[in-house]
>>> print(open('final19.cif').read())   # mmCIF, C-alpha atoms
data_work
#
loop_
_atom_site.label_atom_id
_atom_site.label_comp_id
_atom_site.auth_asym_id
_atom_site.auth_seq_id
_atom_site.Cartn_x
_atom_site.Cartn_y
_atom_site.Cartn_z
CA ALA A 13 0.00 0.00 0.00
CA PRO A 14 2.74 2.59 0.76
CA LEU A 15 4.50 1.82 -2.53
CA ILE A 16 1.33 2.19 -4.59
CA SER A 17 0.42 5.36 -2.67
CA ALA A 18 3.86 6.84 -3.40
CA ILE A 19 3.56 6.04 -7.12
CA GLY A 20 0.08 7.59 -7.19
CA MET A 21 1.34 10.73 -5.44
CA SER A 22 4.24 11.06 -7.89
CA ILE A 23 1.80 10.86 -10.84
CA PHE A 24 -0.41 13.48 -9.16
CA LEU A 25 2.54 15.83 -8.60
CA GLN A 26 3.76 15.42 -12.19
CA ASN A 27 0.38 16.38 -13.60
CA TYR A 28 -0.08 19.17 -11.05
CA VAL A 29 3.23 20.77 -12.09
CA GLN A 30 2.30 20.31 -15.76
CA ILE A 31 -0.99 22.18 -15.20
CA LEU A 32 0.66 24.81 -13.01
CA GLN A 33 3.60 25.82 -15.21
CA GLY A 34 2.83 24.26 -18.60
CA ALA A 35 4.20 21.25 -20.44
CA ARG A 36 7.18 22.99 -22.03
CA SER A 37 10.66 22.34 -20.70
CA LYS A 38 12.38 25.24 -18.95
CA PRO A 39 16.12 25.82 -19.39
CA LEU A 40 18.33 26.68 -16.42
CA GLN A 41 21.34 28.95 -16.69
CA PRO A 42 24.63 27.22 -15.77
CA ILE A 43 25.54 27.81 -12.13
CA LEU A 44 29.06 26.31 -12.27
CA PRO A 45 30.28 26.96 -15.82
CA GLY A 46 33.66 25.83 -17.06
CA ASN A 47 35.72 22.67 -17.23
CA LEU A 48 38.78 21.27 -15.53
CA THR A 49 41.26 20.22 -18.22
CA LEU A 50 43.86 17.55 -17.53
CA MET A 51 46.61 15.81 -19.52
CA ASP A 52 47.14 18.70 -21.98
CA GLY A 53 43.47 18.83 -22.96
CA ALA A 54 43.00 15.09 -23.42
CA VAL A 55 40.63 14.88 -20.44
CA SER A 56 38.02 17.50 -19.62
CA VAL A 57 35.62 17.32 -16.66
CA SER A 58 33.03 19.98 -15.92
CA TYR A 59 33.03 21.67 -12.53
CA VAL A 60 29.41 20.63 -12.03
CA ARG A 61 30.27 16.96 -12.35
CA LEU A 62 33.25 17.35 -10.01
CA ALA A 63 31.00 19.06 -7.44
CA THR A 64 28.47 16.24 -7.86
CA ILE A 65 31.11 13.57 -7.24
CA LEU A 66 32.49 15.36 -4.16
CA LEU A 67 29.03 16.00 -2.70
CA THR A 68 28.04 12.37 -3.30
CA LEU A 69 31.16 11.11 -1.51
CA VAL A 70 30.60 13.46 1.44
CA LEU A 71 26.95 12.39 1.78
CA MET A 72 27.90 8.73 1.44
CA VAL A 73 30.52 8.94 4.21
CA GLY A 74 28.22 11.04 6.39
CA PHE A 75 25.26 8.68 6.16
CA THR A 76 27.45 5.61 6.63
CA ILE A 77 28.75 7.11 9.89
CA LEU A 78 25.21 8.11 10.90
CA ILE A 79 23.81 4.62 10.37
CA ASN A 80 26.75 2.71 11.88
CA ARG A 81 27.86 4.99 14.74
CA THR A 82 24.85 6.96 16.08
CA PRO A 83 21.85 6.05 18.27
CA LEU A 84 19.49 6.99 15.43
CA GLY A 85 21.35 4.64 13.08
CA ARG A 86 21.16 1.80 15.59
CA ALA A 87 17.44 2.45 16.01
CA GLN A 88 16.98 2.43 12.22
CA ARG A 89 18.80 -0.87 11.89
CA ALA A 90 16.79 -2.34 14.75
CA CYS A 91 13.50 -1.24 13.16
CA GLU A 92 14.63 -2.66 9.82
CA GLN A 93 15.27 -6.06 11.39
CA ASP A 94 12.22 -6.29 13.68
CA LYS A 95 9.95 -3.31 14.37
CA LYS A 96 7.93 -5.05 17.08
CA MET A 97 10.99 -6.14 19.06
CA ALA A 98 12.60 -2.72 18.65
CA GLY A 99 9.46 -1.13 20.09
CA LEU A 100 9.49 -3.54 23.05
CA LEU A 101 13.09 -2.56 23.75
CA GLY A 102 12.22 1.13 23.99
CA VAL A 103 12.76 2.38 20.43
CA ASN A 104 10.20 4.95 19.30
CA VAL A 105 9.40 3.20 16.02
CA ASP A 106 7.08 5.89 14.61
CA ARG A 107 9.68 8.61 15.27
CA VAL A 108 12.43 6.55 13.62
CA ILE A 109 10.26 5.90 10.56
CA SER A 110 9.35 9.61 10.30
CA LEU A 111 12.99 10.70 10.56
CA THR A 112 14.00 8.10 7.98
CA PHE A 113 11.43 9.44 5.52
CA VAL A 114 12.64 13.02 6.17
CA MET A 115 16.24 11.95 5.50
CA GLY A 116 15.19 10.11 2.34
CA ALA A 117 13.26 13.14 1.06
CA ALA A 118 16.24 15.41 1.77
CA LEU A 119 18.59 13.09 -0.12
CA ALA A 120 16.13 12.93 -3.02
CA ALA A 121 16.02 16.74 -3.11
CA VAL A 122 19.82 16.94 -3.22
CA ALA A 123 19.95 14.29 -5.97
CA GLY A 124 17.27 16.16 -7.94
CA MET A 125 19.26 19.40 -7.74
CA MET A 126 22.42 17.63 -8.92
CA VAL A 127 20.58 16.12 -11.89
CA LEU A 128 19.12 19.54 -12.69
CA LEU A 129 22.52 21.24 -12.54
CA ILE A 130 24.07 18.62 -14.83
CA TYR A 131 21.34 18.56 -17.51
CA GLY A 132 20.16 22.17 -17.16
CA VAL A 133 16.56 21.46 -18.19
CA ILE A 134 13.46 21.39 -15.97
CA ASP A 135 10.36 19.46 -16.94
CA PHE A 136 7.59 17.72 -15.02
CA TYR A 137 8.93 14.22 -15.79
CA ILE A 138 12.52 15.02 -14.76
CA GLY A 139 12.50 12.72 -11.75
CA PHE A 140 10.65 9.71 -13.11
CA LEU A 141 13.47 7.96 -14.98
CA ALA A 142 16.00 9.02 -12.35
CA GLY A 143 13.78 7.49 -9.67
CA VAL A 144 13.44 4.24 -11.58
CA LYS A 145 17.20 4.07 -12.08
CA SER A 146 17.90 4.84 -8.43
CA PHE A 147 15.61 1.98 -7.43
CA THR A 148 17.44 -0.18 -9.98
CA ALA A 149 20.81 0.86 -8.49
CA ALA A 150 19.63 -0.05 -4.99
CA VAL A 151 18.43 -3.48 -6.14
CA LEU A 152 21.55 -4.06 -8.23
CA GLY A 153 23.91 -3.17 -5.39
CA GLY A 154 21.90 -4.87 -2.67
CA VAL A 155 18.86 -3.47 -0.87
CA GLY A 156 19.80 -2.28 2.61
CA SER A 157 23.46 -1.64 1.79
CA LEU A 158 24.64 1.96 1.35
CA PRO A 159 27.92 0.97 -0.36
CA GLY A 160 25.89 -1.44 -2.49
CA ALA A 161 23.52 1.31 -3.62
CA MET A 162 26.45 3.53 -4.54
CA LEU A 163 28.19 0.66 -6.34
CA GLY A 164 24.96 -0.08 -8.21
CA GLY A 165 24.74 3.56 -9.32
CA VAL A 166 28.35 3.53 -10.55
CA VAL A 167 27.80 0.25 -12.40
CA ILE A 168 24.65 1.59 -14.10
CA GLY A 169 26.50 4.78 -15.08
CA LEU A 170 29.38 2.80 -16.58
CA ILE A 171 26.99 0.49 -18.45
CA GLU A 172 25.15 3.46 -19.96
CA ALA A 173 28.34 5.33 -20.82
CA PHE A 174 30.05 2.39 -22.54
CA TRP A 175 26.84 1.24 -24.25
CA SER A 176 26.19 4.75 -25.58
CA GLY A 177 29.76 5.05 -26.82
CA TYR A 178 30.10 1.65 -28.49
CA VAL A 179 26.55 0.63 -29.45
CA GLY A 180 24.17 3.60 -29.37
CA SER A 181 22.47 5.80 -26.78
CA GLU A 182 18.93 4.80 -27.84
CA TRP A 183 19.41 1.31 -26.32
CA LYS A 184 21.22 2.24 -23.09
CA ASP A 185 18.13 1.86 -20.88
CA VAL A 186 17.45 -1.57 -22.37
CA ALA A 187 21.02 -2.63 -21.55
CA THR A 188 20.70 -1.37 -17.97
CA PHE A 189 17.49 -3.20 -17.20
CA THR A 190 18.66 -6.36 -18.99
CA ILE A 191 21.71 -6.53 -16.74
CA LEU A 192 19.45 -5.88 -13.73
CA VAL A 193 17.28 -8.86 -14.70
CA LEU A 194 20.36 -11.07 -15.09
CA VAL A 195 21.68 -10.02 -11.68
CA LEU A 196 18.30 -10.72 -10.07
CA ILE A 197 18.18 -14.16 -11.68
CA PHE A 198 21.69 -15.27 -10.68
CA ARG A 199 22.22 -13.16 -7.53
CA PRO A 200 18.83 -12.07 -6.11
CA THR A 201 20.37 -10.23 -3.14
CA GLY A 202 22.37 -7.89 -5.39
CA LEU A 203 26.11 -7.41 -5.71
CA LEU A 204 26.83 -6.62 -2.03
CA GLY A 205 23.62 -7.89 -0.46
CA ARG A 206 23.68 -10.80 1.97
CA PRO A 207 20.93 -13.41 2.09
CA GLU A 208 18.70 -13.26 5.14
CA ILE A 209 19.17 -16.12 7.57
CA GLU A 210 15.96 -17.13 9.27
CA LYS A 211 16.61 -18.51 12.73
CA VAL A 212 14.23 -21.22 13.90
#
>>> encode(input="final19.cif", output="C-alpha cells")
Amino acid sequence: APLISAIGMSIFLQNYVQILQGARSKPLQPILPGNLTLMDGAVSVSYVRLATILLTLVLMVGFTILINRTPLGRAQRACEQDKKMAGLLGVNVDRVISLTFVMGAALAAVAGMMVLLIYGVIDFYIGFLAGVKSFTAAVLGGVGSLPGAMLGGVVIGLIEAFWSGYVGSEWKDVATFTILVLVLIFRPTGLLGRPEIEKV
C-alpha cells in the first residue's frame, strides 16, 4: 500500500506541475560553468560533475557514519530487522520511521538538484526515470546496503556510458534493465547484499 500510494502521489505531482507551469521544458542557466582540463586537454571534466562527485562522496561517508555509529542509526537498523521487538526494547518506532522518511526526502532533493545542474533542463517528468534508475541501483547493489547502492549507481552509469559510446544511446536503458534482470536471476540479493538467515 505505501508503494502504490507513493507512485500515485508522484503521478499526481507530475500532472499538477504540468498544469501549473505548462508542459514545455524550462532551461536553467549554468551555475558552475567551465571545465577542468587535464593531460594537456585530453581529459576534460566539468566543474558541475566534479562538485556532484564530491558531494556524493561526502553524503555517502556522512550517512554511513550516521547509520553505523549513532543512536538513530542503531534504532533504524533495529526497526529494519524487527519493528515489534525494537518497540518492546524502547525504540520509538514511529519517530524513527518519520525521521528516515525526512532523510530520504532530503537526499532525493539533493539528488534532484544535482541532476538539474548537470542537464540544465526542468520538466515535469525530470525525476521519473532518475527514480526508476535509483531503485534499480539499490536493487543491483543490494537493498539495505549503502555501499551497495552507490556501487549499483556507478555500475549503471558505466553500463550506460560504454553502451552509448560503443553501441548507441537509444538502447542504453534496455542494456541497464537487462543486466538488472540477469543479476536478479543469478544473484537475487544484489552485488553486495547478503541473504537473510531465518533462525528457527
>>> resolve_selection(input="final19.cif", expression="the PyMOL selection byres ((chain A and resi 119) around 12)", output="PyMOL selection string")
chain A and resi 67-68+71-72+74-75+112-118+120-126+146
>>> write_last_selection(input="final19.cif", atoms="C-alpha atoms", output="PDB file, keeping the file's coordinate frame")
ATOM      1  CA  LEU A  67      29.030  16.000  -2.700  1.00  0.00           C
ATOM      2  CA  THR A  68      28.040  12.370  -3.300  1.00  0.00           C
ATOM      3  CA  LEU A  71      26.950  12.390   1.780  1.00  0.00           C
ATOM      4  CA  MET A  72      27.900   8.730   1.440  1.00  0.00           C
ATOM      5  CA  GLY A  74      28.220  11.040   6.390  1.00  0.00           C
ATOM      6  CA  PHE A  75      25.260   8.680   6.160  1.00  0.00           C
ATOM      7  CA  THR A 112      14.000   8.100   7.980  1.00  0.00           C
ATOM      8  CA  PHE A 113      11.430   9.440   5.520  1.00  0.00           C
ATOM      9  CA  VAL A 114      12.640  13.020   6.170  1.00  0.00           C
ATOM     10  CA  MET A 115      16.240  11.950   5.500  1.00  0.00           C
ATOM     11  CA  GLY A 116      15.190  10.110   2.340  1.00  0.00           C
ATOM     12  CA  ALA A 117      13.260  13.140   1.060  1.00  0.00           C
ATOM     13  CA  ALA A 118      16.240  15.410   1.770  1.00  0.00           C
ATOM     14  CA  ALA A 120      16.130  12.930  -3.020  1.00  0.00           C
ATOM     15  CA  ALA A 121      16.020  16.740  -3.110  1.00  0.00           C
ATOM     16  CA  VAL A 122      19.820  16.940  -3.220  1.00  0.00           C
ATOM     17  CA  ALA A 123      19.950  14.290  -5.970  1.00  0.00           C
ATOM     18  CA  GLY A 124      17.270  16.160  -7.940  1.00  0.00           C
ATOM     19  CA  MET A 125      19.260  19.400  -7.740  1.00  0.00           C
ATOM     20  CA  MET A 126      22.420  17.630  -8.920  1.00  0.00           C
ATOM     21  CA  SER A 146      17.900   4.840  -8.430  1.00  0.00           C
TER      22      SER A 146
END
>>> closest_residue(input="final19.cif", among="A:Phe136, A:Leu48, A:Ala187, A:Val105", to="A:Gln93", atoms="all atoms listed in the file")
A:Val105
>>> resolve_selection(input="final19.cif", expression="the PyMOL selection byres ((chain A and resi 55-62) around 10)", output="list in words")
Pro42, Ile43, Leu44, Pro45, Gly46, Asn47, Leu48, Thr49, Leu50, Met51, Asp52, Gly53, Ala54, Ala63, Thr64, Ile65, Leu66, Leu67, Thr68, Met126, Val127, Leu129, Ile130 and Tyr131 of chain A
>>> closest_residue(input="final19.cif", among="A:Leu196, A:Ala173, A:Ser157, A:Gly139", to="A:Glu92", atoms="all atoms listed in the file")
A:Ser157
>>> closest_residue(input="final19.cif", among="A:Lys96, A:Val193, A:Leu15, A:Ala149", to="A:Leu170", atoms="only C-alpha atoms")
A:Ala149
>>> residues_near_point(input="final19.cif", point="(15.1, 0.8, 16.8)", cutoff="10 Å", atoms="all atoms listed in the file", output="NGL selection string")
:A and (83-109)
>>> atom_distance(input="final19.cif", atom1="atom CA of A:Gly202", atom2="atom CA of A:Pro14")
23.1 Å
>>> resolve_selection(input="final19.cif", expression="the PyMOL selection byres ((chain A and resi 167) around 12)", output="PyMOL selection string")
chain A and resi 145-146+148-153+160-166+168-175+187-189+191-192+195+203
>>> residues_around(input="final19.cif", residues="A:Lys38", least_positions_apart="3", cutoff="9 Å", atoms="only C-alpha atoms", output="number ranges by chain")
A: 132-135
>>> write_last_selection(input="final19.cif", atoms="C-alpha atoms", output="short mmCIF file (atom, residue, chain, number, x, y, z; two decimals), in the frame of the given file")
data_model
loop_
_atom_site.label_atom_id
_atom_site.label_comp_id
_atom_site.auth_asym_id
_atom_site.auth_seq_id
_atom_site.Cartn_x
_atom_site.Cartn_y
_atom_site.Cartn_z
CA GLY A 132 20.16 22.17 -17.16
CA VAL A 133 16.56 21.46 -18.19
CA ILE A 134 13.46 21.39 -15.97
CA ASP A 135 10.36 19.46 -16.94
#
>>> closest_residue(input="final19.cif", among="A:Tyr137, A:Lys184, A:Leu69, A:Asn80", to="A:Tyr28", atoms="all atoms listed in the file")
A:Tyr137
>>> closest_residue(input="final19.cif", among="A:Ser181, A:Thr82, A:Ser17, A:Thr76", to="A:Leu158", atoms="all atoms listed in the file")
A:Thr76
>>> closest_residue(input="final19.cif", among="A:Ile79, A:Leu25, A:Gly154, A:Gln33", to="A:Arg199", atoms="only C-alpha atoms")
A:Gly154
>>> atom_distance(input="final19.cif", atom1="atom CA of A:Ile138", atom2="atom CA of A:Pro39")
12.3 Å
>>> atom_distance(input="final19.cif", atom1="atom CA of A:Gln30", atom2="atom CA of A:Ala13")
25.8 Å
>>> axis_aligned_box(input="final19.cif", around="stretch 91-100 of chain A", padding_each_side="4 Å", output="AutoDock Vina command-line options")
--center_x 11.6 --center_y -3.7 --center_z 16.4 --size_x 15.3 --size_y 13.2 --size_z 21.2
